[in-house]
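Working notes, structure below.
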Amino acid sequence: MCGRDSATQRLLQGSAICLGGNWGVTFATEASVDFNWVDFNKGRTMEMSRITALAISVSILGAIATWLFLTVGSIVIWGAFLAWACFYHSGGDDAAFKSTITSNVFGVFMASTTAFIILTVPGGKVLGPTVWPALVAGISFFLYIIAANIPAFASIPGTTYGYAATFAYVLQTPDRFTPQAIGSLSLNSSYIVVSLSMIIGAIFAYASAKGADMLVGSAKAPA
């Protein structure tokens with residue numbers, strides 16, 4: 001029979017662990033591994049790791065989100081997944097939820113406006129079809145990065161996610177890179193469809209984090 005101290009020592013040495021008496025070992029893994037002794041006779045269960053909880057929560061909500069976007073159409077699932085990633089990249093908490101929506105939508109606004117200016121202002125006739133778009137894009141980069149001095153727009157990566165998603169949408173979707181489509185009040189407009197997609201993605205991301213918290217909390221609760 002192994003005692004608590006000897007079992008811990010042997011575990012840290014990478015050898016087989018001996019469970020004796022009423023004692024067992026649970027693993028709580030996030031950034032590192034913690035060893036928590038649990039008295040099974042008291043009815044407590046093994047703790048669920050944060051990663052396992054996230055895997056369960058995200059897989060369920062990800063399936064629901066995929067079904068929703070495929071059913072509705074027009075809105076873009078990859079825009080939602082970008083916002084989902086942005087949420088966790090930004091910290092995965094309440095503040096991250098707010099900054100994700102604000103910065104993503106700001107990025108969509110900047111990119112859509114950039115595309116609209118490229119298409120409607122005849123700078124290409126003077127500067128050429130490659131220099132003009134590059135110049136307008138460069139100015140827009142400066143503007144959205146300098147806007148990070150404003151707290152609401154402080155997440156430059158979040159703004160870039162929205163910016164990139166917008167140009168992916170208008171350049172890869174037929175008939176969307178036109179002033180008529182961009183300026184319309186419909187789901188043909190990048191202002192609307194990409195913003196809506198990313199807001200929905202942020203909501204699903206926030207729900208997945210809360211779902212993971214619930215799973216971890218329920219696993220820790222005494223039976």
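Each chain of the structure tokens is named A, B, ... in the order shown, its residues numbered from 1; ligands are numbered from 1 in display order.
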
Shell around region 135-150 of chain A at 8 Å using only C-alpha atoms, local window under 2 positions removed, as a ChimeraX atom specification: /A:107,110-111,114,117-118,131-133,152-156,159

Backbone-only DSSP, helix (DSSP H, G or I) members of region 41-140 of chain A, as number ranges by chain: A: 41-42, 50-72, 77-89, 94-120, 124-127, 131-140

CA of Trp78 (chain A) to CA of Ile200 (chain A), straight-line distance in Å: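 Here the two named atoms are 11.2 Å from each other.
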
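Considering the residues A:Leu54, A:Met48, A:Ala85, A:Val76 and counting only C-alpha atoms, Asn188 (chain A) has its shortest atom-to-atom contact with A:Val76.
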
Near-Ile203 (chain A) list (9 Å; only C-alpha atoms; drop same-chain fewer than 4 positions) as a ChimeraX atom specification: /A:83-84,97,101,198-199,207-208

Write out, as a compact mmCIF listing (two decimals), in the first residue's frame, the residues just selected, with all heavy atoms.
```
# COMPACT_ATOMS: atom_id res chain seq x y z
N ALA A 83 -14.88 35.37 -35.35
CA ALA A 83 -15.26 36.08 -34.13
C ALA A 83 -15.11 35.18 -32.91
O ALA A 83 -14.70 35.63 -31.83
CB ALA A 83 -16.69 36.59 -34.25
N TRP A 84 -15.44 33.91 -33.09
CA TRP A 84 -15.29 32.92 -32.01
C TRP A 84 -13.83 32.85 -31.56
O TRP A 84 -13.52 32.89 -30.37
CB TRP A 84 -15.76 31.56 -32.52
CG TRP A 84 -16.27 30.59 -31.50
CD1 TRP A 84 -15.74 30.33 -30.28
CD2 TRP A 84 -17.43 29.75 -31.63
NE1 TRP A 84 -16.47 29.37 -29.63
CE2 TRP A 84 -17.52 28.99 -30.44
CE3 TRP A 84 -18.37 29.54 -32.63
CZ2 TRP A 84 -18.53 28.04 -30.23
CZ3 TRP A 84 -19.37 28.60 -32.42
CH2 TRP A 84 -19.45 27.87 -31.24
N PHE A 97 -15.84 39.56 -24.66
CA PHE A 97 -17.08 39.53 -25.43
C PHE A 97 -17.41 40.92 -25.97
O PHE A 97 -17.74 41.09 -27.15
CB PHE A 97 -18.21 39.02 -24.54
CG PHE A 97 -19.56 39.00 -25.20
CD1 PHE A 97 -19.80 38.24 -26.33
CD2 PHE A 97 -20.61 39.76 -24.67
CE1 PHE A 97 -21.05 38.22 -26.94
CE2 PHE A 97 -21.85 39.75 -25.27
CZ PHE A 97 -22.08 38.98 -26.40
N ILE A 101 -17.03 42.11 -30.17
CA ILE A 101 -18.11 42.67 -30.99
C ILE A 101 -17.74 44.06 -31.49
O ILE A 101 -17.87 44.38 -32.68
CB ILE A 101 -19.43 42.71 -30.20
CG1 ILE A 101 -19.94 41.28 -29.96
CG2 ILE A 101 -20.48 43.54 -30.94
CD1 ILE A 101 -21.22 41.21 -29.16
N MET A 198 -20.44 37.98 -37.54
CA MET A 198 -19.43 38.02 -36.48
C MET A 198 -20.07 38.27 -35.11
O MET A 198 -19.60 37.73 -34.10
CB MET A 198 -18.37 39.07 -36.81
CG MET A 198 -17.63 38.79 -38.10
SD MET A 198 -16.14 39.78 -38.37
CE MET A 198 -14.93 38.82 -37.44
N ILE A 199 -21.13 39.03 -35.07
CA ILE A 199 -21.84 39.23 -33.80
C ILE A 199 -22.43 37.90 -33.31
O ILE A 199 -22.32 37.54 -32.13
CB ILE A 199 -22.94 40.29 -33.94
CG1 ILE A 199 -22.30 41.68 -34.12
CG2 ILE A 199 -23.86 40.29 -32.73
CD1 ILE A 199 -23.29 42.77 -34.49
N ALA A 207 -21.26 32.00 -25.12
CA ALA A 207 -22.07 30.90 -24.57
C ALA A 207 -21.22 29.66 -24.35
O ALA A 207 -21.40 28.93 -23.36
CB ALA A 207 -23.23 30.59 -25.51
N SER A 208 -20.27 29.40 -25.25
CA SER A 208 -19.42 28.21 -25.09
C SER A 208 -18.52 28.34 -23.87
O SER A 208 -18.25 27.36 -23.17
CB SER A 208 -18.58 27.98 -26.35
OG SER A 208 -17.58 28.97 -26.52
```

Atomic distance CA of Asp94 (chain A) - CA of Phe204 (chain A), expressed in Å with one decimal: 13.0 Å

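The residue that comes closest to Ser74 (chain A), out of A:Tyr169, A:Ala209, A:Gly217, A:Thr178 and on the basis of only C-alpha atoms, is A:Tyr169.
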
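When only C-alpha atoms are used to compute distances to Ala168 (chain A), the closest of the residues A:Asp93, A:Ala55, A:Val105, A:Val194 turns out to be A:Val194.
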
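The nearest approach to Tyr163 (chain A) among the residues A:Ser184, A:Ser103, A:Thr130, A:Ser189, with only C-alpha atoms taken into account, belongs to A:Ser103.
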
Two-atom distance - CA of Phe87 (chain A), CA of Ser186 (chain A) (Å): 26.5 Å

Residue contacts of Val193 (chain A) (12 Å, only C-alpha atoms) excluding same-chain residues fewer than 6 positions away, as a PyMOL selection string: chain A and resi 69+72-80+105+108-109+112+162+165-166+169-170+173+176+181-187+199-200

Can I get the selected residues back with N, CA and C atoms, as a PDB file, in the first residue's frame?
```
ATOM      1  N   PHE A  69     -26.398  28.540 -39.534  1.00  0.00           N
ATOM      2  CA  PHE A  69     -25.910  29.301 -40.684  1.00  0.00           C
ATOM      3  C   PHE A  69     -26.277  28.625 -41.999  1.00  0.00           C
ATOM      4  N   VAL A  72     -30.147  29.278 -42.447  1.00  0.00           N
ATOM      5  CA  VAL A  72     -30.515  30.661 -42.764  1.00  0.00           C
ATOM      6  C   VAL A  72     -29.984  31.075 -44.128  1.00  0.00           C
ATOM      7  N   GLY A  73     -28.717  30.714 -44.424  1.00  0.00           N
ATOM      8  CA  GLY A  73     -28.104  31.172 -45.659  1.00  0.00           C
ATOM      9  C   GLY A  73     -27.720  32.644 -45.549  1.00  0.00           C
ATOM     10  N   SER A  74     -27.055  33.160 -46.551  1.00  0.00           N
ATOM     11  CA  SER A  74     -26.641  34.573 -46.640  1.00  0.00           C
ATOM     12  C   SER A  74     -25.563  34.933 -45.618  1.00  0.00           C
ATOM     13  N   ILE A  75     -25.800  34.696 -44.335  1.00  0.00           N
ATOM     14  CA  ILE A  75     -24.763  34.948 -43.342  1.00  0.00           C
ATOM     15  C   ILE A  75     -23.668  33.887 -43.479  1.00  0.00           C
ATOM     16  N   VAL A  76     -22.444  34.235 -43.065  1.00  0.00           N
ATOM     17  CA  VAL A  76     -21.291  33.386 -43.379  1.00  0.00           C
ATOM     18  C   VAL A  76     -20.709  32.758 -42.116  1.00  0.00           C
ATOM     19  N   ILE A  77     -20.625  31.430 -42.116  1.00  0.00           N
ATOM     20  CA  ILE A  77     -20.181  30.692 -40.940  1.00  0.00           C
ATOM     21  C   ILE A  77     -18.723  30.974 -40.612  1.00  0.00           C
ATOM     22  N   TRP A  78     -17.892  31.188 -41.635  1.00  0.00           N
ATOM     23  CA  TRP A  78     -16.475  31.440 -41.346  1.00  0.00           C
ATOM     24  C   TRP A  78     -16.283  32.785 -40.648  1.00  0.00           C
ATOM     25  N   GLY A  79     -17.175  33.740 -40.906  1.00  0.00           N
ATOM     26  CA  GLY A  79     -17.122  35.002 -40.173  1.00  0.00           C
ATOM     27  C   GLY A  79     -17.422  34.789 -38.701  1.00  0.00           C
ATOM     28  N   ALA A  80     -18.380  33.900 -38.432  1.00  0.00           N
ATOM     29  CA  ALA A  80     -18.717  33.574 -37.043  1.00  0.00           C
ATOM     30  C   ALA A  80     -17.549  32.892 -36.345  1.00  0.00           C
ATOM     31  N   VAL A 105     -16.859  44.624 -35.540  1.00  0.00           N
ATOM     32  CA  VAL A 105     -17.774  45.470 -36.316  1.00  0.00           C
ATOM     33  C   VAL A 105     -17.050  46.716 -36.827  1.00  0.00           C
ATOM     34  N   VAL A 108     -15.161  45.666 -39.828  1.00  0.00           N
ATOM     35  CA  VAL A 108     -16.075  45.522 -40.968  1.00  0.00           C
ATOM     36  C   VAL A 108     -16.401  46.890 -41.559  1.00  0.00           C
ATOM     37  N   PHE A 109     -16.667  47.845 -40.690  1.00  0.00           N
ATOM     38  CA  PHE A 109     -16.982  49.202 -41.157  1.00  0.00           C
ATOM     39  C   PHE A 109     -15.810  49.798 -41.937  1.00  0.00           C
ATOM     40  N   SER A 112     -15.382  47.846 -45.339  1.00  0.00           N
ATOM     41  CA  SER A 112     -16.479  48.118 -46.274  1.00  0.00           C
ATOM     42  C   SER A 112     -16.375  49.530 -46.835  1.00  0.00           C
ATOM     43  N   GLY A 162     -12.129  41.584 -38.346  1.00  0.00           N
ATOM     44  CA  GLY A 162     -13.290  42.105 -39.053  1.00  0.00           C
ATOM     45  C   GLY A 162     -12.939  42.643 -40.424  1.00  0.00           C
ATOM     46  N   ALA A 165     -12.155  39.622 -42.744  1.00  0.00           N
ATOM     47  CA  ALA A 165     -13.379  38.894 -43.080  1.00  0.00           C
ATOM     48  C   ALA A 165     -14.193  39.638 -44.127  1.00  0.00           C
ATOM     49  N   THR A 166     -14.190  40.952 -44.043  1.00  0.00           N
ATOM     50  CA  THR A 166     -14.963  41.759 -44.993  1.00  0.00           C
ATOM     51  C   THR A 166     -14.408  41.647 -46.404  1.00  0.00           C
ATOM     52  N   TYR A 169     -15.116  38.363 -47.903  1.00  0.00           N
ATOM     53  CA  TYR A 169     -16.501  38.264 -48.361  1.00  0.00           C
ATOM     54  C   TYR A 169     -16.708  38.976 -49.694  1.00  0.00           C
ATOM     55  N   VAL A 170     -16.273  40.232 -49.804  1.00  0.00           N
ATOM     56  CA  VAL A 170     -16.568  40.989 -51.024  1.00  0.00           C
ATOM     57  C   VAL A 170     -15.759  40.501 -52.222  1.00  0.00           C
ATOM     58  N   THR A 173     -17.107  36.426 -52.945  1.00  0.00           N
ATOM     59  CA  THR A 173     -18.527  36.176 -53.196  1.00  0.00           C
ATOM     60  C   THR A 173     -18.946  36.909 -54.463  1.00  0.00           C
ATOM     61  N   ARG A 176     -20.531  40.890 -55.065  1.00  0.00           N
ATOM     62  CA  ARG A 176     -20.557  41.634 -53.802  1.00  0.00           C
ATOM     63  C   ARG A 176     -19.567  42.796 -53.806  1.00  0.00           C
ATOM     64  N   ALA A 181     -23.968  46.731 -54.184  1.00  0.00           N
ATOM     65  CA  ALA A 181     -24.104  45.696 -53.157  1.00  0.00           C
ATOM     66  C   ALA A 181     -23.624  46.201 -51.799  1.00  0.00           C
ATOM     67  N   ILE A 182     -22.455  46.822 -51.777  1.00  0.00           N
ATOM     68  CA  ILE A 182     -21.891  47.279 -50.508  1.00  0.00           C
ATOM     69  C   ILE A 182     -22.778  48.337 -49.855  1.00  0.00           C
ATOM     70  N   GLY A 183     -23.335  49.219 -50.658  1.00  0.00           N
ATOM     71  CA  GLY A 183     -24.139  50.308 -50.119  1.00  0.00           C
ATOM     72  C   GLY A 183     -25.597  49.975 -49.889  1.00  0.00           C
ATOM     73  N   SER A 184     -26.002  48.751 -50.179  1.00  0.00           N
ATOM     74  CA  SER A 184     -27.412  48.392 -50.039  1.00  0.00           C
ATOM     75  C   SER A 184     -27.770  48.078 -48.590  1.00  0.00           C
ATOM     76  N   LEU A 185     -29.044  48.207 -48.277  1.00  0.00           N
ATOM     77  CA  LEU A 185     -29.542  47.844 -46.950  1.00  0.00           C
ATOM     78  C   LEU A 185     -30.112  46.429 -47.011  1.00  0.00           C
ATOM     79  N   SER A 186     -29.240  45.478 -47.315  1.00  0.00           N
ATOM     80  CA  SER A 186     -29.668  44.091 -47.476  1.00  0.00           C
ATOM     81  C   SER A 186     -28.525  43.167 -47.081  1.00  0.00           C
ATOM     82  N   LEU A 187     -28.787  41.868 -47.143  1.00  0.00           N
ATOM     83  CA  LEU A 187     -27.748  40.891 -46.838  1.00  0.00           C
ATOM     84  C   LEU A 187     -26.770  40.704 -47.993  1.00  0.00           C
ATOM     85  N   ILE A 199     -21.132  39.028 -35.068  1.00  0.00           N
ATOM     86  CA  ILE A 199     -21.837  39.225 -33.795  1.00  0.00           C
ATOM     87  C   ILE A 199     -22.427  37.901 -33.313  1.00  0.00           C
ATOM     88  N   ILE A 200     -23.040  37.159 -34.227  1.00  0.00           N
ATOM     89  CA  ILE A 200     -23.587  35.849 -33.857  1.00  0.00           C
ATOM     90  C   ILE A 200     -22.468  34.924 -33.386  1.00  0.00           C
TER      91      ILE A 200
END
```

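Across region 22-195 of chain A, DSSP run on the backbone finds strand (DSSP E or B) at Trp23, Gly24, Val25, Thr26, Phe27, Ala28, Thr29, Val33, Asp34, Phe35, Asn36, Trp37, Val38 and Asp39 of chain A.
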
Write the selection just made, keeping C-alpha atoms, as an mmCIF file, in the first residue's frame?
```cif
data_model
loop_
_atom_site.group_PDB
_atom_site.id
_atom_site.type_symbol
_atom_site.label_atom_id
_atom_site.label_comp_id
_atom_site.auth_asym_id
_atom_site.auth_seq_id
_atom_site.Cartn_x
_atom_site.Cartn_y
_atom_site.Cartn_z
ATOM 1 C CA TRP A 23 -7.055 7.831 -1.873
ATOM 2 C CA GLY A 24 -6.915 8.556 -5.584
ATOM 3 C CA VAL A 25 -5.477 11.187 -7.883
ATOM 4 C CA THR A 26 -7.269 13.652 -10.142
ATOM 5 C CA PHE A 27 -5.713 15.760 -12.820
ATOM 6 C CA ALA A 28 -6.749 19.376 -13.400
ATOM 7 C CA THR A 29 -4.938 20.548 -16.507
ATOM 8 C CA VAL A 33 -0.875 19.801 -14.115
ATOM 9 C CA ASP A 34 -2.126 19.894 -10.541
ATOM 10 C CA PHE A 35 -2.364 16.822 -8.343
ATOM 11 C CA ASN A 36 -5.409 16.807 -6.086
ATOM 12 C CA TRP A 37 -6.098 14.041 -3.596
ATOM 13 C CA VAL A 38 -9.723 13.020 -3.391
ATOM 14 C CA ASP A 39 -11.378 10.880 -0.761
#
```
